[in-house]
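A.B. asks: Quick one: structure below, then a few questions.
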Amino acid sequence: MIGPAAVILAGFAAVAAGTGLVQALAGAVLVGRFAAKSPAAAERERLGEGDAYRTRHPQPPSMRVAPHPRTAGEGDYPPITVLKPLHGDEPLLEQALASVCAQDYPDFQVVFGVQEPTDKALPVVARIRARFPKCDIAVVVDPAWHGANAKVGNLINMLPRAKHAVLAIADSDLHVQPDYLARLAETLAEPGTGLVTTLYTGLPAANRVAQQLGATQITHYFLPGALLARAMGRQDCLGATMVLRRATLDRIGGLRALVGHLADDQVLGRLVAALGLAVRLAPTVPATTVPEARLRDLLRHELRWARTIRALEPAAFAASVLQYPLFWAMLAMLLSEGAAWSFGVFFLGWAGRALAAVWVDRALEQFLVIPGGYPPPPLEGGGWGEGCAQSPSSGVRAPLPNHLPQGEGEDNRRGGGGRAPDDLRLDGGPNLADAVAQGLAFPCPVWLLPLRDLISVGVMLFSYAGRRVEWRGQHLTVDTPGPATPGLTTPE
């Protein structure tokens, strides 16, 4: 016989579970609305494509196509420098770096940077340069140290090699679509925009349980939560992608304004917002590699995230415990000593949480169907033609982007039968289009959702035990940035 206090607490836990479920479903709805506004969805609606076309022309995910090549005179496509700070070799690193070199964009430069000449990322970069000989690639090796944040210190060393006035700072483990830079440029061109960022999903490096747990945390918890925060008026910068004009960076005090902070992305967003400029989301959703094959490595990574967020937004962080309905449902079962109603709450919560996750998966597929949907039937004799890219919406051939080898890029970008030197296939597995397809709409492992909720709440609780974190071999203390004051730099 349980006491009245336990009954009240069990009821409270059940209400919290219901609140979390409502939040999960609301997040899924927002993901659906965000995806419905994507250029791919709009183009498909314009063309009137649907299930009938896909029934007539079934194709595997690797055959889905990119937008037609852009030219400098088409829309607002200024030259862009992509800054990619690197640290060591990582799972799927070559595939991620190759994806940014295969952009459908008229003029861009890629700058890779490391701080040690023995860094294991350098052989990967050498292979990338060999695969994309016409891509404008620079490599910076500079051990200069500028502050606590080694990534920003690396960026400071890399910046002098940047040629262009628009800068795209992107994480090394980001797998991007061929229209990634175009979507970023279009969003930056919107009036009043100072900084562009993107949502992102999780791409497991392999099929380990820890990697699936990490990927579903990103895709099915973080991503909908970021849209919920935006719906409530926040304009957070999500650090996997940060795009701004060099003039804007100079106005906030340059990269040195960020080097003393672990949460450089949030500090950058606040400084840009303090200038009266907007921080906008671009309509593209790249995937970030989840490399942690061991649970303890995943927990260490997520603890760093948790402690960083707690230091930045302590109240919002504490309130976010409500987003884990299965934890609260299990707590209700425990407090009620397994009362029948508590099992009903648990299984209802599990079903609802799974529905929200599947909803997110289906919504994100909008980003996989690039304008024109599936490609038209191959040219007579097979393949997609020699030295050309085909615009599926018009059937008109256009030249390949000039950084892709003529006669080879078509197989790379269209999934043709031959394997080109710059083809972006995963080791021993599907090509990059398939990998991105998995990352953009990562099928939620529904059976892991209760464990995922328990781990998330455990990490939250443990985050209150201190401020120390481990990041790329460094032991750092999470700081709480003060009020955003553009123009003030952090001393070295």
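Just remember, in the structure tokens the first chain shown is A, the second B, etc., residues are 1-based per chain, and ligands are 1-based in the order shown.
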Determine, counting only C-alpha atoms, which protein, DNA and RNA residues have an atom within 6 Å of an atom of Ala357 in chain A; residues of the same chain fewer than 3 positions away are not included. Present the result as an MDAnalysis selection string.
C.D. replies: chainID A and resid 220 354 360
A.B. asks: When DSSP is applied to the backbone of this structure, which of range 168-288 of chain A are assigned strand (DSSP E)? Write them out as a list in words.
C.D. replies: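 Reading the DSSP output for range 168-288 of chain A, strand (DSSP E) covers Ala168, Ile169, Ala170, Leu174, His175, Thr193, Gly194, Leu195, Val196, Thr197, Thr201, Gly202, Leu203, Pro204, Thr241, Met242, Val243, Leu244, Arg245, Ala278, Val279, Arg280, Leu281, Ala287 and Thr288 of chain A.
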A.B. asks: Got time to write the residues from that selection, N, CA and C atoms, as a PDB file, in the first residue's frame?
C.D. replies:
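Output below, filename part16.pdb:
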ATOM      1  N   ALA A 168      32.203  31.066 -44.198  1.00  0.00           N
ATOM      2  CA  ALA A 168      31.368  29.978 -43.679  1.00  0.00           C
ATOM      3  C   ALA A 168      32.251  29.099 -42.795  1.00  0.00           C
ATOM      4  N   ILE A 169      32.003  29.153 -41.496  1.00  0.00           N
ATOM      5  CA  ILE A 169      32.749  28.332 -40.529  1.00  0.00           C
ATOM      6  C   ILE A 169      31.945  27.055 -40.312  1.00  0.00           C
ATOM      7  N   ALA A 170      32.528  25.925 -40.639  1.00  0.00           N
ATOM      8  CA  ALA A 170      31.790  24.660 -40.591  1.00  0.00           C
ATOM      9  C   ALA A 170      32.615  23.601 -39.882  1.00  0.00           C
ATOM     10  N   LEU A 174      30.901  17.568 -40.728  1.00  0.00           N
ATOM     11  CA  LEU A 174      29.600  17.896 -41.302  1.00  0.00           C
ATOM     12  C   LEU A 174      29.490  17.356 -42.728  1.00  0.00           C
ATOM     13  N   HIS A 175      28.446  16.568 -42.987  1.00  0.00           N
ATOM     14  CA  HIS A 175      28.133  16.060 -44.321  1.00  0.00           C
ATOM     15  C   HIS A 175      27.038  16.949 -44.902  1.00  0.00           C
ATOM     16  N   THR A 193      20.020  40.430 -42.144  1.00  0.00           N
ATOM     17  CA  THR A 193      20.669  39.210 -41.658  1.00  0.00           C
ATOM     18  C   THR A 193      22.136  39.469 -41.364  1.00  0.00           C
ATOM     19  N   GLY A 194      22.566  39.068 -40.169  1.00  0.00           N
ATOM     20  CA  GLY A 194      23.968  39.200 -39.811  1.00  0.00           C
ATOM     21  C   GLY A 194      24.694  37.879 -39.721  1.00  0.00           C
ATOM     22  N   LEU A 195      23.949  36.808 -39.434  1.00  0.00           N
ATOM     23  CA  LEU A 195      24.570  35.500 -39.217  1.00  0.00           C
ATOM     24  C   LEU A 195      23.591  34.423 -39.663  1.00  0.00           C
ATOM     25  N   VAL A 196      24.111  33.415 -40.341  1.00  0.00           N
ATOM     26  CA  VAL A 196      23.296  32.287 -40.800  1.00  0.00           C
ATOM     27  C   VAL A 196      23.817  31.018 -40.158  1.00  0.00           C
ATOM     28  N   THR A 197      22.908  30.201 -39.690  1.00  0.00           N
ATOM     29  CA  THR A 197      23.262  28.918 -39.101  1.00  0.00           C
ATOM     30  C   THR A 197      22.305  27.860 -39.637  1.00  0.00           C
ATOM     31  N   THR A 201      21.427  17.024 -38.256  1.00  0.00           N
ATOM     32  CA  THR A 201      20.998  15.734 -37.741  1.00  0.00           C
ATOM     33  C   THR A 201      22.215  14.906 -37.379  1.00  0.00           C
ATOM     34  N   GLY A 202      21.971  13.753 -36.763  1.00  0.00           N
ATOM     35  CA  GLY A 202      23.051  12.847 -36.393  1.00  0.00           C
ATOM     36  C   GLY A 202      23.224  11.738 -37.405  1.00  0.00           C
ATOM     37  N   LEU A 203      24.463  11.458 -37.783  1.00  0.00           N
ATOM     38  CA  LEU A 203      24.785  10.378 -38.712  1.00  0.00           C
ATOM     39  C   LEU A 203      25.704   9.387 -37.996  1.00  0.00           C
ATOM     40  N   PRO A 204      25.212   8.221 -37.587  1.00  0.00           N
ATOM     41  CA  PRO A 204      26.074   7.252 -36.896  1.00  0.00           C
ATOM     42  C   PRO A 204      27.217   6.812 -37.803  1.00  0.00           C
ATOM     43  N   THR A 241      27.439  25.146 -38.268  1.00  0.00           N
ATOM     44  CA  THR A 241      27.597  26.052 -39.408  1.00  0.00           C
ATOM     45  C   THR A 241      27.370  27.478 -38.934  1.00  0.00           C
ATOM     46  N   MET A 242      28.301  28.366 -39.259  1.00  0.00           N
ATOM     47  CA  MET A 242      28.157  29.781 -38.922  1.00  0.00           C
ATOM     48  C   MET A 242      28.655  30.591 -40.122  1.00  0.00           C
ATOM     49  N   VAL A 243      27.766  31.372 -40.722  1.00  0.00           N
ATOM     50  CA  VAL A 243      28.099  32.114 -41.942  1.00  0.00           C
ATOM     51  C   VAL A 243      27.839  33.597 -41.713  1.00  0.00           C
ATOM     52  N   LEU A 244      28.822  34.401 -42.024  1.00  0.00           N
ATOM     53  CA  LEU A 244      28.678  35.849 -41.878  1.00  0.00           C
ATOM     54  C   LEU A 244      29.647  36.558 -42.804  1.00  0.00           C
ATOM     55  N   ARG A 245      29.415  37.832 -42.974  1.00  0.00           N
ATOM     56  CA  ARG A 245      30.332  38.639 -43.775  1.00  0.00           C
ATOM     57  C   ARG A 245      31.538  39.000 -42.925  1.00  0.00           C
ATOM     58  N   ALA A 278      19.886  39.976 -37.505  1.00  0.00           N
ATOM     59  CA  ALA A 278      19.189  38.722 -37.233  1.00  0.00           C
ATOM     60  C   ALA A 278      20.118  37.525 -37.402  1.00  0.00           C
ATOM     61  N   VAL A 279      19.847  36.494 -36.606  1.00  0.00           N
ATOM     62  CA  VAL A 279      20.515  35.193 -36.748  1.00  0.00           C
ATOM     63  C   VAL A 279      19.471  34.257 -37.352  1.00  0.00           C
ATOM     64  N   ARG A 280      19.662  33.858 -38.614  1.00  0.00           N
ATOM     65  CA  ARG A 280      18.635  33.108 -39.329  1.00  0.00           C
ATOM     66  C   ARG A 280      19.063  31.662 -39.595  1.00  0.00           C
ATOM     67  N   LEU A 281      18.042  30.819 -39.749  1.00  0.00           N
ATOM     68  CA  LEU A 281      18.258  29.423 -40.131  1.00  0.00           C
ATOM     69  C   LEU A 281      18.171  29.305 -41.645  1.00  0.00           C
ATOM     70  N   ALA A 287      24.233  16.737 -41.953  1.00  0.00           N
ATOM     71  CA  ALA A 287      24.329  15.695 -40.941  1.00  0.00           C
ATOM     72  C   ALA A 287      25.712  15.735 -40.310  1.00  0.00           C
ATOM     73  N   THR A 288      25.779  15.552 -39.001  1.00  0.00           N
ATOM     74  CA  THR A 288      27.057  15.527 -38.302  1.00  0.00           C
ATOM     75  C   THR A 288      27.360  14.106 -37.854  1.00  0.00           C
TER      76      THR A 288
END
A.B. asks: Which one of A:Ala24, A:Leu303, A:Leu122, A:Ala339 sits closest to Val139 in chain A if you count only C-alpha atoms?
C.D. replies: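 Smallest separation from Val139 in chain A among the options: A:Leu122.
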A.B. asks: Please measure the separation of CA of Leu448 in chain A and CA of Leu334 in chain A, giving the value in Å to one decimal.
C.D. replies: 19.5 Å
A.B. asks: Near Leu25 in chain A, within 9 Å and counting only C-alpha atoms, which residues show up once chain neighbours fewer than 6 positions away are dropped, as an MDAnalysis selection string?
C.D. replies: chainID A and resid 352:353 355:357 359
A.B. asks: Write out as number ranges by chain which residues come within 9 Å of Val114 in chain A when counting only C-alpha atoms, dropping same-chain ones fewer than 5 positions away.
C.D. replies: A: 85-88, 119, 121-122, 139-143, 154, 157-158
A.B. asks: Just to be explicit: take each residue in the selection above, keep C-alpha atoms, and write the result as a PDB file, in the first residue's frame.
C.D. replies:
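Written file, again.pdb:
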ATOM      1  CA  PRO A  85      39.326  23.672 -38.570  1.00  0.00           C
ATOM      2  CA  LEU A  86      40.602  20.097 -38.163  1.00  0.00           C
ATOM      3  CA  HIS A  87      42.010  18.041 -35.308  1.00  0.00           C
ATOM      4  CA  GLY A  88      43.053  14.479 -36.022  1.00  0.00           C
ATOM      5  CA  ASP A 119      48.123  16.025 -37.279  1.00  0.00           C
ATOM      6  CA  ALA A 121      43.978  14.948 -40.598  1.00  0.00           C
ATOM      7  CA  LEU A 122      46.669  16.117 -43.046  1.00  0.00           C
ATOM      8  CA  VAL A 139      45.932  24.266 -46.012  1.00  0.00           C
ATOM      9  CA  VAL A 140      47.220  26.087 -42.934  1.00  0.00           C
ATOM     10  CA  VAL A 141      49.572  24.450 -40.425  1.00  0.00           C
ATOM     11  CA  ASP A 142      50.216  26.888 -37.579  1.00  0.00           C
ATOM     12  CA  PRO A 143      50.935  26.014 -33.925  1.00  0.00           C
ATOM     13  CA  ASN A 154      42.916  27.493 -35.229  1.00  0.00           C
ATOM     14  CA  ASN A 157      45.496  31.169 -37.824  1.00  0.00           C
ATOM     15  CA  MET A 158      43.436  30.240 -40.886  1.00  0.00           C
TER      16      MET A 158
END
